[in-house]
>>> print(open('entry20.cif').read())   # mmCIF, C-alpha atoms and all ligand atoms
data_target
loop_
_atom_site.label_atom_id
_atom_site.label_comp_id
_atom_site.auth_asym_id
_atom_site.auth_seq_id
_atom_site.Cartn_x
_atom_site.Cartn_y
_atom_site.Cartn_z
CA MET A 1 10.81 22.02 1.20
CA ALA A 2 13.33 21.60 3.98
CA MET A 3 16.90 20.58 3.31
CA LEU A 4 17.52 16.94 3.97
CA GLU A 5 20.53 15.48 5.62
CA THR A 6 21.13 11.82 5.10
CA ARG A 7 23.23 9.88 7.52
CA ARG A 8 24.70 6.68 6.18
CA THR A 9 24.98 4.31 9.13
CA ASP A 10 27.38 1.84 7.66
CA GLY A 11 29.41 0.49 10.49
CA SER A 12 30.16 0.25 14.16
CA GLY A 13 31.16 3.64 15.45
CA GLY A 14 32.57 4.64 12.09
CA GLY A 15 34.28 1.32 11.52
CA ARG A 16 32.98 -1.43 9.30
CA THR A 17 31.09 -4.54 10.29
CA ALA A 18 32.80 -6.93 7.99
CA ASN A 19 30.72 -10.02 8.24
CA SER A 20 27.14 -10.92 7.64
CA LEU A 21 26.96 -12.80 10.96
CA ARG A 22 27.46 -9.53 12.80
CA HIS A 23 24.77 -7.87 10.68
CA SER A 24 22.43 -10.75 11.39
CA ASN A 25 23.12 -10.64 15.16
CA LEU A 26 22.46 -6.90 15.20
CA ALA A 27 19.17 -7.42 13.36
CA THR A 28 18.09 -10.16 15.76
CA ILE A 29 18.89 -8.13 18.87
CA PHE A 30 17.45 -4.89 17.53
CA GLY A 31 14.24 -6.66 16.44
CA MET A 32 13.80 -8.13 19.94
CA VAL A 33 14.31 -4.76 21.61
CA HIS A 34 11.89 -3.13 19.15
CA ARG A 35 9.12 -5.66 19.71
CA ALA A 36 9.52 -5.73 23.49
CA GLY A 37 10.01 -1.97 23.90
CA ALA A 38 12.64 -2.68 26.57
CA LEU A 39 14.66 -5.75 27.53
CA SER A 40 17.40 -6.38 30.05
CA ARG A 41 20.82 -7.28 28.72
CA ALA A 42 20.58 -10.59 30.60
CA GLU A 43 17.23 -11.41 28.97
CA LEU A 44 18.62 -10.59 25.51
CA THR A 45 21.57 -12.88 26.16
CA ARG A 46 19.23 -15.64 27.26
CA ARG A 47 16.87 -15.25 24.28
CA THR A 48 19.57 -15.04 21.61
CA GLY A 49 21.91 -17.66 23.08
CA LEU A 50 24.84 -15.36 22.24
CA ASN A 51 27.76 -15.27 24.68
CA ARG A 52 28.16 -12.24 26.90
CA SER A 53 31.07 -10.71 25.10
CA THR A 54 29.40 -10.98 21.66
CA MET A 55 26.27 -9.44 23.17
CA GLY A 56 28.37 -6.61 24.63
CA GLU A 57 29.95 -5.89 21.25
CA CYS A 58 26.61 -5.96 19.43
CA LEU A 59 24.97 -3.61 21.95
CA SER A 60 27.93 -1.30 21.71
CA ASP A 61 27.55 -1.28 17.90
CA LEU A 62 23.82 -0.57 18.14
CA ALA A 63 24.49 2.24 20.62
CA ASP A 64 27.16 3.71 18.31
CA LEU A 65 24.67 3.60 15.44
CA GLY A 66 22.34 5.63 17.65
CA LEU A 67 19.70 2.90 17.63
CA VAL A 68 19.54 1.77 21.26
CA VAL A 69 20.08 3.34 24.65
CA GLU A 70 21.16 1.47 27.73
CA ALA A 71 20.04 2.41 31.22
CA ARG A 72 20.70 1.11 34.69
CA PRO A 73 17.56 -0.51 36.13
CA GLU A 74 16.03 1.38 39.03
CA THR A 75 16.10 -1.54 41.42
CA GLY A 76 18.31 -4.58 41.59
CA SER A 77 17.00 -8.12 41.82
CA GLY A 78 18.64 -8.55 45.19
CA ARG A 79 21.73 -10.54 44.30
CA GLY A 80 24.61 -9.34 42.15
CA ARG A 81 24.63 -6.39 39.79
CA PRO A 82 21.25 -5.68 38.14
CA SER A 83 21.29 -6.13 34.37
CA PRO A 84 21.10 -2.90 32.31
CA ILE A 85 17.89 -2.22 30.38
CA ILE A 86 18.10 -1.79 26.60
CA ARG A 87 15.54 0.37 24.79
CA PRO A 88 15.23 1.66 21.23
CA TYR A 89 16.52 5.22 20.87
CA PRO A 90 13.30 7.21 21.38
CA GLY A 91 13.96 9.62 18.49
CA THR A 92 14.02 6.99 15.72
CA VAL A 93 10.67 7.36 13.97
CA ALA A 94 8.55 6.35 11.02
CA VAL A 95 5.92 8.45 9.30
CA THR A 96 2.62 6.80 8.32
CA VAL A 97 -0.08 7.89 5.89
CA ASN A 98 -3.47 6.17 5.97
CA PRO A 99 -6.00 7.49 3.43
CA GLU A 100 -9.58 6.82 4.56
CA VAL A 101 -12.79 7.50 2.63
CA ASP A 102 -13.45 10.70 4.59
CA ALA A 103 -10.02 11.68 5.92
CA ILE A 104 -6.27 11.30 5.67
CA ARG A 105 -4.59 10.10 8.83
CA ILE A 106 -0.91 10.91 9.30
CA GLY A 107 1.11 9.43 12.13
CA LEU A 108 4.53 9.74 13.71
CA VAL A 109 5.56 6.48 15.36
CA ALA A 110 8.65 5.66 17.41
CA MET A 111 10.29 2.24 17.55
CA GLY A 112 8.50 -0.16 19.85
CA GLY A 113 5.17 0.79 18.23
CA ARG A 114 4.86 3.95 20.31
CA ILE A 115 2.63 6.53 18.60
CA ILE A 116 4.03 10.03 19.16
CA GLU A 117 1.45 11.99 17.22
CA GLN A 118 -1.53 11.43 14.93
CA VAL A 119 -3.21 14.00 12.70
CA ARG A 120 -6.56 13.49 10.99
CA LEU A 121 -7.27 15.72 8.01
CA GLU A 122 -10.91 15.69 6.96
CA THR A 123 -11.56 15.31 3.24
CA ASP A 124 -14.60 15.99 1.15
CA GLY A 125 -15.24 12.33 0.29
CA PRO A 126 -12.45 10.03 -0.90
CA ALA A 127 -9.41 12.18 -1.75
CA ASP A 128 -7.63 11.80 -5.04
CA ALA A 129 -4.04 10.61 -4.88
CA SER A 130 -2.54 14.05 -5.59
CA GLU A 131 -4.48 15.55 -2.64
CA VAL A 132 -3.15 12.79 -0.37
CA VAL A 133 0.41 13.55 -1.49
CA ARG A 134 0.11 17.33 -1.14
CA ARG A 135 -1.67 17.48 2.22
CA SER A 136 0.39 14.69 3.78
CA ALA A 137 3.63 16.37 2.75
CA ASP A 138 2.59 19.60 4.51
CA VAL A 139 1.93 17.71 7.75
CA VAL A 140 5.18 15.75 7.44
CA ASP A 141 7.15 19.00 7.10
CA ARG A 142 5.56 20.36 10.25
CA MET A 143 6.14 17.13 12.18
CA LEU A 144 9.80 16.76 11.26
CA ASP A 145 11.40 20.13 10.43
CA GLY A 146 13.74 21.25 13.19
CA GLN A 147 12.84 18.24 15.35
CA PRO A 148 15.48 15.92 16.81
CA TYR A 149 14.10 12.86 15.01
CA VAL A 150 15.92 10.31 12.92
CA VAL A 151 13.50 9.08 10.26
CA ALA A 152 13.57 5.51 8.98
CA GLY A 153 11.01 6.15 6.27
CA LEU A 154 7.43 6.80 5.30
CA ALA A 155 4.82 4.15 4.58
CA VAL A 156 1.31 4.36 3.16
CA ALA A 157 -1.57 1.97 3.83
CA VAL A 158 -3.86 1.68 0.82
CA PRO A 159 -7.22 -0.12 0.83
CA GLY A 160 -6.60 -1.79 -2.52
CA GLN A 161 -4.05 -3.68 -4.57
CA VAL A 162 -0.54 -2.31 -4.26
CA ARG A 163 2.56 -3.60 -6.04
CA LEU A 164 4.98 -4.23 -3.16
CA SER A 165 8.16 -3.73 -5.17
CA ASP A 166 7.58 0.00 -5.73
CA GLY A 167 4.42 0.96 -3.83
CA HIS A 168 2.50 1.53 -7.05
CA VAL A 169 -1.28 1.41 -6.51
CA ARG A 170 -2.92 -0.80 -9.15
CA ASP A 171 -6.51 -0.38 -7.95
CA ALA A 172 -8.12 1.26 -4.93
CA PRO A 173 -11.83 1.02 -5.83
CA HIS A 174 -13.14 2.99 -2.84
CA PHE A 175 -11.02 5.96 -3.93
CA GLY A 176 -11.37 5.47 -7.67
CA TRP A 177 -7.58 5.20 -7.96
CA VAL A 178 -6.19 3.23 -10.89
CA GLU A 179 -2.45 2.94 -11.62
CA GLU A 180 -1.28 5.66 -9.21
CA PRO A 181 2.48 5.86 -8.47
CA LEU A 182 1.65 6.90 -4.91
CA ALA A 183 4.87 5.88 -3.13
CA ALA A 184 7.07 7.46 -5.82
CA ASP A 185 5.11 10.72 -5.69
CA LEU A 186 5.26 10.92 -1.88
CA GLU A 187 8.96 10.11 -1.89
CA ARG A 188 9.68 12.87 -4.39
CA VAL A 189 7.72 15.46 -2.41
CA THR A 190 8.82 14.51 1.13
CA GLY A 191 12.37 13.32 0.40
CA LEU A 192 11.74 10.32 2.65
CA PRO A 193 12.21 6.72 1.48
CA THR A 194 8.60 5.69 0.89
CA SER A 195 6.83 2.38 0.55
CA ALA A 196 3.17 1.41 0.27
CA ALA A 197 1.16 -1.74 0.79
CA ASN A 198 -2.35 -3.02 1.21
CA ALA A 199 -3.91 -1.68 4.41
CA ALA A 200 -5.15 -5.04 5.70
CA LEU A 201 -1.69 -6.50 5.24
CA LEU A 202 -0.26 -3.66 7.33
CA GLY A 203 -2.87 -4.23 10.03
CA MET A 204 -1.52 -7.76 10.14
CA TYR A 205 2.06 -6.45 10.49
CA GLY A 206 0.91 -4.51 13.56
CA GLU A 207 -0.81 -7.50 15.18
CA CYS A 208 2.19 -9.74 14.44
CA ALA A 209 4.67 -7.31 15.99
CA PHE A 210 2.71 -6.05 19.01
CA GLY A 211 -0.70 -7.73 19.19
CA SER A 212 -2.35 -11.12 19.23
CA GLY A 213 -0.05 -12.51 16.53
CA ARG A 214 3.18 -11.97 18.50
CA GLY A 215 5.58 -14.89 18.09
CA VAL A 216 3.22 -16.77 15.73
CA ASP A 217 4.73 -18.05 12.46
CA ASP A 218 1.61 -19.48 10.80
CA LEU A 219 -1.23 -17.03 10.93
CA VAL A 220 -4.20 -15.86 8.91
CA TYR A 221 -5.44 -12.36 9.59
CA MET A 222 -8.87 -11.07 8.55
CA ILE A 223 -10.11 -7.56 9.18
CA GLY A 224 -13.48 -6.00 8.45
CA GLY A 225 -14.10 -2.27 8.22
CA ALA A 226 -16.38 0.34 6.69
CA SER A 227 -15.20 -0.34 3.15
CA GLY A 228 -14.88 -4.12 3.16
CA ILE A 229 -12.85 -7.07 4.34
CA GLY A 230 -9.15 -7.68 3.83
CA GLY A 231 -6.47 -9.87 5.22
CA GLY A 232 -3.09 -11.44 5.02
CA VAL A 233 -1.35 -14.76 5.48
CA LEU A 234 1.89 -15.53 7.30
CA SER A 235 3.29 -18.98 6.57
CA GLY A 236 6.43 -20.34 8.21
CA GLY A 237 7.17 -16.80 9.42
CA ALA A 238 7.09 -15.39 5.86
CA LEU A 239 4.43 -13.19 4.36
CA VAL A 240 2.52 -14.87 1.54
CA THR A 241 2.69 -12.09 -1.05
CA GLY A 242 2.02 -13.88 -4.33
CA SER A 243 4.06 -12.94 -7.39
CA ALA A 244 3.53 -9.17 -7.09
CA GLY A 245 1.98 -8.58 -3.66
CA TYR A 246 -1.73 -9.06 -4.26
CA ALA A 247 -2.18 -12.29 -2.26
CA GLY A 248 -4.43 -12.36 0.78
CA GLU A 249 -7.61 -10.83 -0.66
CA LEU A 250 -9.63 -12.75 1.89
CA GLY A 251 -12.65 -10.47 1.47
CA HIS A 252 -13.12 -12.03 -1.96
CA LEU A 253 -13.27 -15.61 -0.73
CA PHE A 254 -16.30 -17.22 -2.34
CA VAL A 255 -18.86 -18.02 0.35
CA ARG A 256 -22.27 -18.15 -1.33
CA SER A 257 -23.30 -19.43 -4.76
CA ASP A 258 -26.42 -17.22 -5.00
CA GLY A 259 -24.66 -14.30 -3.34
CA ALA A 260 -24.75 -10.56 -3.98
CA LYS A 261 -22.58 -8.85 -6.59
CA CYS A 262 -19.24 -7.67 -5.24
CA PRO A 263 -17.43 -4.45 -6.33
CA CYS A 264 -14.73 -6.76 -7.76
CA GLY A 265 -17.25 -7.94 -10.36
CA ALA A 266 -17.79 -11.44 -8.98
CA HIS A 267 -20.79 -12.79 -7.06
CA GLY A 268 -20.88 -14.29 -3.57
CA CYS A 269 -17.65 -12.80 -2.15
CA LEU A 270 -17.45 -12.59 1.66
CA GLU A 271 -17.25 -8.79 1.62
CA ALA A 272 -20.33 -8.47 -0.58
CA GLU A 273 -22.38 -10.57 1.84
CA VAL A 274 -20.99 -9.61 5.26
CA THR A 275 -20.75 -5.85 5.74
CA GLN A 276 -20.22 -3.38 8.56
CA PRO A 277 -22.81 -0.91 7.18
CA GLY A 278 -25.36 -3.76 7.12
CA LEU A 279 -24.83 -4.51 10.82
CA LEU A 280 -24.83 -0.81 11.78
CA ASP A 281 -28.09 -0.26 9.89
CA ALA A 282 -29.73 -3.22 11.60
CA VAL A 283 -29.23 -1.68 15.04
CA GLY A 284 -29.80 1.92 13.94
CA LEU A 285 -26.24 3.20 14.32
CA ALA A 286 -24.50 5.76 12.13
CA PRO A 287 -21.12 4.90 10.53
CA ALA A 288 -19.26 7.01 13.11
CA GLN A 289 -20.83 5.04 16.00
CA VAL A 290 -19.11 1.78 15.12
CA GLU A 291 -17.54 1.50 18.57
CA ARG A 292 -21.06 0.89 19.95
CA LEU A 293 -21.82 -1.93 17.50
CA GLU A 294 -20.94 -4.82 19.79
CA ALA A 295 -22.99 -3.52 22.73
CA GLU A 296 -26.01 -2.85 20.50
CA LEU A 297 -25.83 -6.29 18.89
CA LEU A 298 -25.69 -7.91 22.32
CA ARG A 299 -28.66 -5.86 23.53
CA ALA A 300 -30.81 -6.29 20.42
CA GLU A 301 -34.12 -8.09 20.84
CA ASP A 302 -35.29 -7.76 17.23
CA PRO A 303 -35.25 -11.25 15.62
CA ALA A 304 -34.14 -9.65 12.33
CA VAL A 305 -30.89 -8.53 14.01
CA HIS A 306 -30.25 -12.05 15.30
CA GLU A 307 -30.94 -13.48 11.85
CA LEU A 308 -28.45 -11.07 10.29
CA VAL A 309 -25.78 -11.93 12.88
CA ASP A 310 -26.37 -15.66 12.25
CA HIS A 311 -26.18 -15.12 8.48
CA ASP A 312 -22.95 -13.10 8.75
CA ARG A 313 -21.38 -15.53 11.20
CA ASP A 314 -22.27 -18.55 9.05
CA LEU A 315 -20.61 -17.00 6.00
CA LEU A 316 -17.60 -15.84 8.02
CA ALA A 317 -17.31 -19.42 9.30
CA ILE A 318 -17.19 -20.69 5.69
CA ALA A 319 -14.36 -18.26 4.96
CA VAL A 320 -12.47 -19.26 8.12
CA ARG A 321 -12.95 -22.94 7.23
CA SER A 322 -11.41 -22.26 3.80
CA VAL A 323 -8.33 -20.50 5.14
CA VAL A 324 -7.80 -23.17 7.81
CA ASN A 325 -7.99 -25.90 5.17
CA LEU A 326 -5.73 -23.96 2.80
CA PHE A 327 -3.01 -22.74 5.15
CA ASN A 328 -3.13 -24.86 8.34
CA PRO A 329 -2.46 -21.80 10.53
CA SER A 330 -1.97 -22.06 14.29
CA VAL A 331 -3.85 -18.79 14.79
CA VAL A 332 -6.61 -16.97 12.90
CA VAL A 333 -6.78 -13.32 14.02
CA LEU A 334 -10.03 -11.43 13.45
CA GLY A 335 -10.08 -7.64 13.53
CA GLY A 336 -12.63 -4.84 13.19
CA PHE A 337 -16.27 -5.89 12.92
CA LEU A 338 -15.26 -9.51 12.22
CA SER A 339 -13.99 -9.64 15.78
CA THR A 340 -17.36 -8.22 16.88
CA LEU A 341 -19.15 -11.01 15.02
CA HIS A 342 -16.85 -13.51 16.74
CA ARG A 343 -17.51 -12.15 20.22
CA VAL A 344 -21.29 -11.64 20.13
CA ARG A 345 -21.96 -15.40 20.15
CA ALA A 346 -20.57 -18.04 22.49
CA ALA A 347 -20.59 -20.75 19.81
CA PRO A 348 -17.20 -21.43 18.21
CA LEU A 349 -16.74 -19.77 14.84
CA LEU A 350 -14.68 -22.52 13.32
CA SER A 351 -17.13 -25.03 11.90
CA GLU A 352 -16.63 -28.75 12.28
CA GLN A 353 -16.49 -28.87 8.50
CA ALA A 354 -12.86 -27.75 8.54
CA ILE A 355 -10.46 -30.66 8.17
CA ARG A 356 -10.12 -32.25 11.60
CA ALA A 357 -6.32 -32.36 11.72
CA SER A 358 -6.03 -28.65 10.84
CA ARG A 359 -8.97 -27.68 13.02
CA GLU A 360 -7.41 -29.28 16.09
CA CYS A 361 -4.35 -27.07 16.06
CA VAL A 362 -5.87 -23.68 15.30
CA GLU A 363 -7.05 -20.97 17.65
CA VAL A 364 -9.34 -18.09 16.62
CA ARG A 365 -8.29 -14.87 18.37
CA ASP A 366 -9.47 -11.27 18.32
CA ALA A 367 -7.07 -8.52 17.28
CA GLU A 368 -5.63 -6.65 20.28
CA LEU A 369 -4.43 -3.31 18.96
CA GLY A 370 -7.81 -1.73 18.21
CA ALA A 371 -7.85 1.64 16.50
CA ASP A 372 -4.05 2.01 16.51
CA GLN A 373 -3.48 -1.24 14.65
CA LEU A 374 -3.17 0.29 11.19
CA THR A 375 -0.87 3.16 12.22
CA VAL A 376 1.44 0.83 14.14
CA GLY A 377 1.41 -1.77 11.33
CA THR A 378 2.11 0.87 8.68
CA ALA A 379 5.08 2.08 10.73
CA GLU A 380 6.39 -1.51 10.71
CA LEU A 381 6.64 -1.32 6.93
CA ALA A 382 8.55 1.97 7.18
CA PHE A 383 10.90 0.41 9.76
CA SER A 384 11.38 -2.82 7.81
CA SER A 385 14.70 -1.96 6.10
CA LEU A 386 16.15 -0.68 9.37
CA LEU A 387 15.03 -3.82 11.22
CA ALA A 388 16.33 -6.13 8.48
CA ASP A 389 19.82 -4.60 8.54
CA PRO A 390 20.33 -1.98 11.27
CA ALA A 391 23.98 -1.47 10.32
CA SER A 392 23.24 -0.48 6.71
CA ALA A 393 19.98 1.44 6.90
CA GLN A 394 19.81 5.01 5.68
CA LEU A 395 18.28 7.35 8.24
CA ILE A 396 17.24 10.94 7.65
CA SER A 397 17.40 13.88 10.03
CA ARG A 398 15.85 17.31 9.58
CA ALA A 399 17.04 18.54 12.97
CA SER A 400 18.88 21.49 11.44
CA ALA A 401 16.14 22.46 8.99
ZN ZN B 501 -15.22 -9.73 -4.66
#
>>> encode(input="entry20.cif", output="structure tokens", more="lines below")
Ligand SMILES: [Zn+2]
Amino acid sequence: MAMLETRRTDGSGGGRTANSLRHSNLATIFGMVHRAGALSRAELTRRTGLNRSTMGECLSDLADLGLVVEARPETGSGRGRPSPIIRPYPGTVAVTVNPEVDAIRIGLVAMGGRIIEQVRLETDGPADASEVVRRSADVVDRMLDGQPYVVAGLAVAVPGQVRLSDGHVRDAPHFGWVEEPLAADLERVTGLPTSAANAALLGMYGECAFGSGRGVDDLVYMIGGASGIGGGVLSGGALVTGSAGYAGELGHLFVRSDGAKCPCGAHGCLEAEVTQPGLLDAVGLAPAQVERLEAELLRAEDPAVHELVDHDRDLLAIAVRSVVNLFNPSVVVLGGFLSTLHRVRAAPLLSEQAIRASRECVEVRDAELGADQLTVGTAELAFSSLLADPASAQLISRASA
């Protein structure tokens, strides 16, 4: 294990930011730069409404903390001095771990949602938690040791129920994990501050920061993949977590009274009735050919395929109706094969049975980030403490390892 150096970034250039207003301004500015990737100083001033001298002090603090870099724009706008461009420091990174049923995916992601590197380790079926910890830690060492990165943290995306307070996995049925202290184990082995959350929730983080949920405060996100359907809810800009973090199990919305048995033990759940393997089978595709699903569904002439698409879409529409009635979102984002089901028919997905007032102000969108969604969203969790309070976050460097 490499030696770790921790750098406590507790003030402006070694001094102390005394007031919470300053901390809050730094968080606002840094968050905007992170989500945009790059913004001019003039645009930041306009968006925040801060005066120019306060903006100058805040940017100077963020630069002293090593979090942003300022560059002269290449061309001026014609009149006056061109406004400098602010970007996140390119060496501030998060590490992501995404266990899948046949692999472990490990990512290194810079601020701004820029993926630097991704590694996919094949596994012999679903890995047990100790294998995920051991093999991920080896890759993390190789990615970070001796590199000029400043690490905000590590985050794990788990397809299952995860207690948000400590990243403890309660249940991950596709892996057979029950009561696994996954975040604590990874933190002990890697020395990086580690958090974990439900994978669908983290996909939503990604879409909200960089995809089709950007700037939306009231949003329901639903994603379908090989192992089921998950989701998350953002209400008034805040994540609906429930008392411990298990809210948003949208795959277990009840959609059919005589429905199939679900792995959760209930009958008629959305994810028991509407499945990616079912659609792939219908058009003769293997699990690894999922990227061809939409084209094959559009091309299919077999009436049985059309019946299945209608069946799946009808039940998805019942689920969407329920979340629209429950949460009155302005946007419903569909990802994975749910987005495919949305796109393969021209008819609107949102049924007229949703309450009219809520129905009128909601838009159904497809997720934008595609395959990178989960890695980018998982990195958002690892960056969350830094983004919430850039002046107090603890960053780790292994440059001298
Ligand atoms: Zn269920």
>>> atom_distance(input="entry20.cif", atom1="atom CA of Cys361 of chain A", atom2="atom CA of Tyr246 of chain A")
27.3 Å
>>> closest_atom_pairs(input="entry20.cif", of="segment 298-321 of chain A", to="segment 354-360 of chain A", cutoff="12 Å", atoms="only C-alpha atoms", output="Markdown table")
| residue | atom | partner | partner_atom | distance |
| --- | --- | --- | --- | --- |
| A:Ala317 | CA | A:Ala354 | CA | 9.5 |
| A:Ile318 | CA | A:Ala354 | CA | 8.8 |
| A:Ala319 | CA | A:Ala354 | CA | 10.3 |
| A:Val320 | CA | A:Ala354 | CA | 8.5 |
| A:Arg321 | CA | A:Ala354 | CA | 5.0 |
>>> atom_distance(input="entry20.cif", atom1="atom CA of Ala238 of chain A", atom2="atom CA of Asn25 of chain A")
19.1 Å
>>> atom_distance(input="entry20.cif", atom1="atom CA of Arg120 of chain A", atom2="atom CA of Gly146 of chain A")
21.8 Å
>>> residues_near_ligand(input="entry20.cif", ligand="ligand ZN 501 (chain B)", cutoff="10 Å", atoms="all atoms listed in the file", output="number ranges by chain")
A: 228-229, 249-254, 260-273
>>> closest_residue(input="entry20.cif", among="A:Val93, A:Ala286, A:Ala247, A:Ile115", to="Asn198 of chain A", atoms="all atoms listed in the file")
A:Ala247
>>> residues_near_point(input="entry20.cif", point="(-10.3, -19.1, 23.6)", cutoff="12 Å", atoms="all atoms listed in the file", output="number ranges by chain")
A: 331-333, 342-343, 346-350, 362-366
>>> write_last_selection(input="entry20.cif", atoms="C-alpha atoms", output="short mmCIF file (atom, residue, chain, number, x, y, z; two decimals), in the coordinates of the input")
data_model
loop_
_atom_site.label_atom_id
_atom_site.label_comp_id
_atom_site.auth_asym_id
_atom_site.auth_seq_id
_atom_site.Cartn_x
_atom_site.Cartn_y
_atom_site.Cartn_z
CA VAL A 331 -3.85 -18.79 14.79
CA VAL A 332 -6.61 -16.97 12.90
CA VAL A 333 -6.78 -13.32 14.02
CA HIS A 342 -16.85 -13.51 16.74
CA ARG A 343 -17.51 -12.15 20.22
CA ALA A 346 -20.57 -18.04 22.49
CA ALA A 347 -20.59 -20.75 19.81
CA PRO A 348 -17.20 -21.43 18.21
CA LEU A 349 -16.74 -19.77 14.84
CA LEU A 350 -14.68 -22.52 13.32
CA VAL A 362 -5.87 -23.68 15.30
CA GLU A 363 -7.05 -20.97 17.65
CA VAL A 364 -9.34 -18.09 16.62
CA ARG A 365 -8.29 -14.87 18.37
CA ASP A 366 -9.47 -11.27 18.32
#
>>> closest_residue(input="entry20.cif", among="A:Leu374, A:Val220, A:Gln353, A:His306", to="Pro159 of chain A", atoms="all atoms listed in the file")
A:Leu374
>>> residues_near_point(input="entry20.cif", point="(11.0, -4.8, 21.8)", cutoff="10 Å", atoms="all atoms listed in the file", output="list in words")
Ile29, Phe30, Gly31, Met32, Val33, His34, Arg35, Ala36, Gly37, Ala38, Leu39, Ile86, Arg87, Pro88, Met111, Gly112, Gly113, Ala209 and Phe210 of chain A
